[in-house]
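Scroll down for the structure; my scribbles are underneath it.
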Amino acid sequence: MNRTKGDEEEYWNSSKFKAFTFDDEDDELSQLKESKRAVNSLRDFVDDDDDDDLERVSWSGEAVGSRTRPGSFQSLSDALSDTPAKSYAPELGRPKGEYRDYSNDWSPSDTVRRLRKGKVCSLERFRSLQDKLQLLEEAVSMHDGNVITAVLIFLKRTLSKDILFRELEVRQVALRHLIHFLKEIGDQKLLLDLFRFLDRTEELALSHYREHLNIQDPDKRKEFLKTCVGLPFSAEDSAHIQDHYTLLERQIIIEANDRHLESAGQTEIFRKHPRKASILNMPLVTTLFYSCFYHYTEAEGTFSSPVNLKKTFKIPDKQYVLTALAARAKLRAWNDVDALFTTKNWLGYTKKRAPIGFHRVVEILHKNNAPVQILQEYVNLVEDVDTKLNLATKFKCHDVVIDTYRDLKDRQQLLAYRSKVDKGSAEEEKIDALLSSSQIRWKN
C-alpha cells in the first residue's frame with residue numbers, strides 16, 4: 001500500500017501510532033505469540049531480545065542516561081519543508097526584495113542539528129546519494145529517533161527501492177527504524193519487499209500471516225490461513241498456524257449448525273440460554289467454554305464436542321477442567337460438576353480428584369452461587385487445614401468449621417465460633433452438644 005506525504009505527516013501528528021524504541025519487541029512476532037497464547041493457553045513464551053548489540057536509546061532519541069533534547073517537531077511539515085527556509089539580510093546595500101537562501105550553506109551535520117531542535121529546514125538540496133547517506137549517518141549518530149525517521153522518509157521518497165534497501169542493509173539502526181515506521185503506517189507492500197530483499201523469510205511469513213486480520217469474511221479468512229500453513233515459520237509457530245486454521249474451520253461448522261438450531265427453537269439449551277455472540281474468530285479457550293456450555297454431552301466424534309476439542313488441540317487437563325467447571329457451574333449443572341471430579345480406580349472404588357486443586361473449585365462454585373451443601377462437600381476435600389477453615393469461614397460452611405475444630409479437639413476455637421452462628425440454630429445446638437460431650441478429650 002503506497003503512502004503519500006500527507007499520510008506520512010499524519011504518522012507524526014496522530015497519537016494513535018506507537019513510538020519505536022530499541023527495547024520494543026517485534027510487533028508482529030509479539031502479536032503472533034499473543035495469539036498463540038490464546039490457542040495454547042497454558043504454554044509460556046519468551047521473545048528473544050536481539051537488541052543487545054545496539055545502543056539503548058529511547059524514542060526521543062536520547063541514549064539512556066543522557067539529557068533531554070531541547071525540542072521536538074510540531075509536525076512533519078514543520079521539519080521537512082519543501083520550500084527552502086529563507087533568511088533575509090538587512091536591506092542596506094542590497095536591492096529591495098533580494099534575499100539570500102542560507103539553507104544551501106547548511107551541511108548534513110547542521111541540518112540534522114536543526115531538525116533535532118525542531119527547526120524548519122529543507123532536505124531537497126541533498127541530491128546526490130553520497131549527501132543523502134551522509135545525512136542519514138549524521139541522524140543516526142545523534143541517536144534521535146524522530147530525526148532518523150524524518151530522514152528515512154526523505155530517502156524513501158527520493159531513492160529507488162533497490163538502492164534504499166541496499167544501503168539500509170548495512171545500516172542496522174536505520175533499518176530497524178524503517179521497518180517500525182512501515183509497520184506503523186501499514187505500508188505492507190514495501191515491508192514485504194524489504195523482507196524479501198533481506199531474505200528474512202520468517203519475518204516475511206509473519207507479515208503475510210498478519211494480513212488475515214484485514215479479512216472479515218470467515219470463509220475467505222480460512223482460505224487465506226490455509227495459504228499460510230506452508231510458509232517458512234519456526235516449528236513452534238508452524239504448529240500455531242495449523243491450529244489457527246483448524247480452529248477457524250471448526251468454528252465455521254459449529255456456528256452454522258448452532259445458528260440453525262437456535263433459529264429452529266427446538267433445542268432447550270438455546271431456548272433457555274440464547275447465544276450472546278458468534279463463536280467465529282474466538283480464541284481456543286473461549287471456544288472450549290462455548291462447547292462445554294452448549295455441547296457438553298455430545299459424542300467425541302462431533303466437531304463441537306469438548307472432548308474432541310481437548311484431544312485435537314492437546315489442551316492440558318488443568319485448562320480443560322477449569323473451563324468445563326466454569327461452564328457447568330454457570331448452568332448450575334451440579335451433577336456434571338460432580339462427575340468432572342469423580343474417578344474410579346481399578347477395583348471400582350470412586351474418589352474425588354481435582355488437578356486444579358479443590359480450593360479453586362470452591363472459589364468457582366461460590367462465584368456461580370452454588371448451594372451451601374455443594375460448597376461444603378468440596379471445602380471438605382481441601383487437604384490443608386488452615387485453607388479449609390478459611391474457606392469454610394468465608395463462605396459460611398458452618399458444619400465444616402464445627403467438624404474441623406472437633407477433629408482438632410480445639411474447644412476454645414469451637415467456643416469462639418459459637419458466637420458466629422445464629423442463636424437457636426441447628427449449628428448452635430450441634431456446638432453445644434459437642435462442648436458438653438464426655439467422649440471428646442479436648443486439648444484446651
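Going by the C-alpha cells order, chains are called A, B, ..., each with residues numbered from 1, while ligands are numbered from 1 in the order shown.
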
Practice task
Run DSSP on the backbone and give me the residues of range 277-416 of chain A it puts in strand (DSSP E), as a VMD selection string.
Solution key: chain A and resid 342 to 344 350 to 352

Practice task
Please return as number ranges by chain: the residues of range 201-321 of chain A that backbone DSSP assigns to alpha helix (DSSP H).
Solution key: A: 201-210, 218-228, 235-264, 268-272, 284-294, 306-312, 317-321

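For range 153-166 of chain A, the non-local neighbours within 8 Å, defined as residues at least 6 positions apart in the same chain or in other chains and counting only C-alpha atoms, are Glu8, Leu123, Lys132, Leu194 and Phe197 of chain A.
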
Give me the residues near range 356-363 of chain A as a compact mmCIF listing (two decimals) with N, CA, C and O atoms, in the first residue's frame, where near means some atom within 10 Å (using only C-alpha atoms) and where sequence neighbours in that chain fewer than 5 positions away do not count.
```
# COMPACT_ATOMS: atom_id res chain seq x y z
N ASP A 317 -4.99 -30.99 30.95
CA ASP A 317 -6.08 -31.37 31.85
C ASP A 317 -6.53 -30.21 32.73
O ASP A 317 -7.73 -30.00 32.93
N LYS A 318 -5.57 -29.46 33.26
CA LYS A 318 -5.93 -28.35 34.16
C LYS A 318 -6.79 -27.32 33.43
O LYS A 318 -7.80 -26.86 33.98
N GLN A 319 -6.40 -26.96 32.21
CA GLN A 319 -7.18 -25.97 31.46
C GLN A 319 -8.56 -26.50 31.11
O GLN A 319 -9.55 -25.78 31.19
N TYR A 320 -8.61 -27.77 30.74
CA TYR A 320 -9.90 -28.37 30.38
C TYR A 320 -10.83 -28.40 31.58
O TYR A 320 -12.01 -27.99 31.48
N VAL A 321 -10.34 -28.87 32.72
CA VAL A 321 -11.18 -28.98 33.92
C VAL A 321 -11.64 -27.60 34.38
O VAL A 321 -12.81 -27.39 34.74
N LEU A 322 -10.73 -26.65 34.37
CA LEU A 322 -11.08 -25.29 34.80
C LEU A 322 -12.18 -24.70 33.93
O LEU A 322 -13.14 -24.10 34.42
N LEU A 325 -15.56 -26.72 34.34
CA LEU A 325 -16.17 -26.38 35.64
C LEU A 325 -16.87 -25.04 35.56
O LEU A 325 -18.02 -24.90 36.02
N ALA A 326 -16.22 -24.03 34.97
CA ALA A 326 -16.83 -22.71 34.87
C ALA A 326 -18.12 -22.76 34.05
O ALA A 326 -19.12 -22.12 34.42
N ALA A 329 -20.87 -24.97 36.02
CA ALA A 329 -21.32 -24.28 37.23
C ALA A 329 -22.22 -23.10 36.87
O ALA A 329 -23.18 -22.81 37.58
N VAL A 337 -20.76 -31.30 37.46
CA VAL A 337 -19.61 -30.87 38.26
C VAL A 337 -19.08 -32.04 39.08
O VAL A 337 -17.87 -32.30 39.14
N PHE A 341 -15.11 -34.45 38.71
CA PHE A 341 -14.05 -34.72 39.69
C PHE A 341 -14.08 -36.13 40.25
O PHE A 341 -13.30 -36.46 41.14
N ASN A 368 -20.46 -18.88 41.26
CA ASN A 368 -21.65 -19.24 40.49
C ASN A 368 -22.83 -19.60 41.40
O ASN A 368 -23.77 -20.28 40.97
N ALA A 370 -23.34 -21.53 44.06
CA ALA A 370 -23.64 -22.92 44.39
C ALA A 370 -24.27 -22.99 45.79
O ALA A 370 -23.92 -22.20 46.67
N ILE A 374 -23.47 -27.99 48.43
CA ILE A 374 -22.48 -28.30 47.41
C ILE A 374 -21.11 -27.75 47.81
O ILE A 374 -20.08 -28.43 47.71
N LEU A 375 -21.10 -26.51 48.29
CA LEU A 375 -19.84 -25.90 48.71
C LEU A 375 -19.18 -26.70 49.82
O LEU A 375 -17.96 -26.95 49.80
N GLN A 376 -19.97 -27.12 50.80
CA GLN A 376 -19.41 -27.84 51.94
C GLN A 376 -18.73 -29.13 51.51
O GLN A 376 -17.69 -29.52 52.03
N GLU A 377 -19.33 -29.80 50.54
CA GLU A 377 -18.75 -31.06 50.06
C GLU A 377 -17.34 -30.84 49.54
O GLU A 377 -16.43 -31.64 49.83
N TYR A 378 -17.14 -29.74 48.78
CA TYR A 378 -15.83 -29.51 48.18
C TYR A 378 -14.86 -28.82 49.13
O TYR A 378 -13.65 -29.03 49.04
N VAL A 379 -15.38 -28.03 50.07
CA VAL A 379 -14.50 -27.46 51.10
C VAL A 379 -13.90 -28.58 51.94
O VAL A 379 -12.72 -28.56 52.30
N ASN A 380 -14.68 -29.59 52.22
CA ASN A 380 -14.20 -30.74 53.00
C ASN A 380 -13.08 -31.49 52.30
O ASN A 380 -12.30 -32.19 52.95
N LEU A 381 -12.99 -31.36 50.99
CA LEU A 381 -11.98 -32.07 50.22
C LEU A 381 -10.65 -31.33 50.17
O LEU A 381 -9.66 -31.87 49.66
N VAL A 382 -10.62 -30.10 50.69
CA VAL A 382 -9.37 -29.34 50.75
C VAL A 382 -8.49 -29.95 51.83
O VAL A 382 -8.90 -30.07 52.98
N GLU A 383 -7.28 -30.32 51.46
CA GLU A 383 -6.42 -31.05 52.39
C GLU A 383 -5.80 -30.16 53.47
O GLU A 383 -5.73 -30.54 54.64
N ASP A 384 -5.32 -28.99 53.09
CA ASP A 384 -4.69 -28.11 54.06
C ASP A 384 -5.73 -27.59 55.05
O ASP A 384 -6.74 -26.97 54.65
N THR A 387 -6.34 -23.69 55.13
CA THR A 387 -7.07 -23.26 53.94
C THR A 387 -8.52 -23.69 54.03
O THR A 387 -9.44 -22.92 53.68
N LYS A 388 -8.74 -24.88 54.51
CA LYS A 388 -10.12 -25.39 54.65
C LYS A 388 -10.91 -24.53 55.62
O LYS A 388 -12.05 -24.13 55.33
N LEU A 391 -11.69 -21.04 54.03
CA LEU A 391 -12.76 -21.11 53.03
C LEU A 391 -14.11 -21.36 53.69
O LEU A 391 -15.13 -20.75 53.33
N ALA A 392 -14.13 -22.27 54.66
CA ALA A 392 -15.39 -22.61 55.33
C ALA A 392 -15.94 -21.41 56.09
O ALA A 392 -17.16 -21.15 56.07
N PHE A 395 -17.19 -18.68 53.48
CA PHE A 395 -18.43 -18.99 52.75
C PHE A 395 -19.52 -19.56 53.66
O PHE A 395 -20.51 -20.12 53.19
```

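Taking CA of Arg271 in chain A as the reference point, CA of Pro371 in chain A is found at 24.7 Å.
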
Handout entry: Contacts of range 397-411 of chain A within 7 Å, only C-alpha atoms, excl. fewer than 6 positions in-chain, as a PyMOL selection string
Key = chain A and resi 372+376+380+389+427+431+441-444

Give me a file of those residues, with C-alpha atoms, as a PDB file, in the first residue's frame.
```pdb
ATOM      1  CA  VAL A 372     -24.078 -24.367  50.740  1.00  0.00           C
ATOM      2  CA  GLN A 376     -19.412 -27.845  51.944  1.00  0.00           C
ATOM      3  CA  ASN A 380     -14.204 -30.742  52.999  1.00  0.00           C
ATOM      4  CA  LEU A 389     -11.021 -23.363  57.751  1.00  0.00           C
ATOM      5  CA  GLU A 427     -25.411 -25.247  64.219  1.00  0.00           C
ATOM      6  CA  ILE A 431     -21.740 -26.961  69.018  1.00  0.00           C
ATOM      7  CA  ARG A 441     -10.690 -35.271  75.060  1.00  0.00           C
ATOM      8  CA  TRP A 442     -10.181 -31.552  74.387  1.00  0.00           C
ATOM      9  CA  LYS A 443      -6.633 -30.235  74.105  1.00  0.00           C
ATOM     10  CA  ASN A 444      -7.546 -26.900  75.727  1.00  0.00           C
TER      11      ASN A 444
END
```

Practice task
Write out as a ChimeraX atom specification the residues lying within 6 Å of range 287-297 of chain A, counting only C-alpha atoms and excluding same-chain residues fewer than 5 positions away.
Solution key: /A:304,306,323-324,327

Fill in the blank from the handout: Residue with the minimum atom-to-atom distance to Leu168 in chain A, picked from A:Met142, A:Phe195, A:Asp187, A:Glu203 with only C-alpha atoms counted, is A:Phe195

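Here CA of Leu248 in chain A and CA of Asp219 in chain A stand 8.8 Å from one another.
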
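The nearest approach to Lys310 in chain A among the residues A:Phe181, A:Val285, A:Arg353, A:Ser207, with only C-alpha atoms taken into account, belongs to A:Val285.
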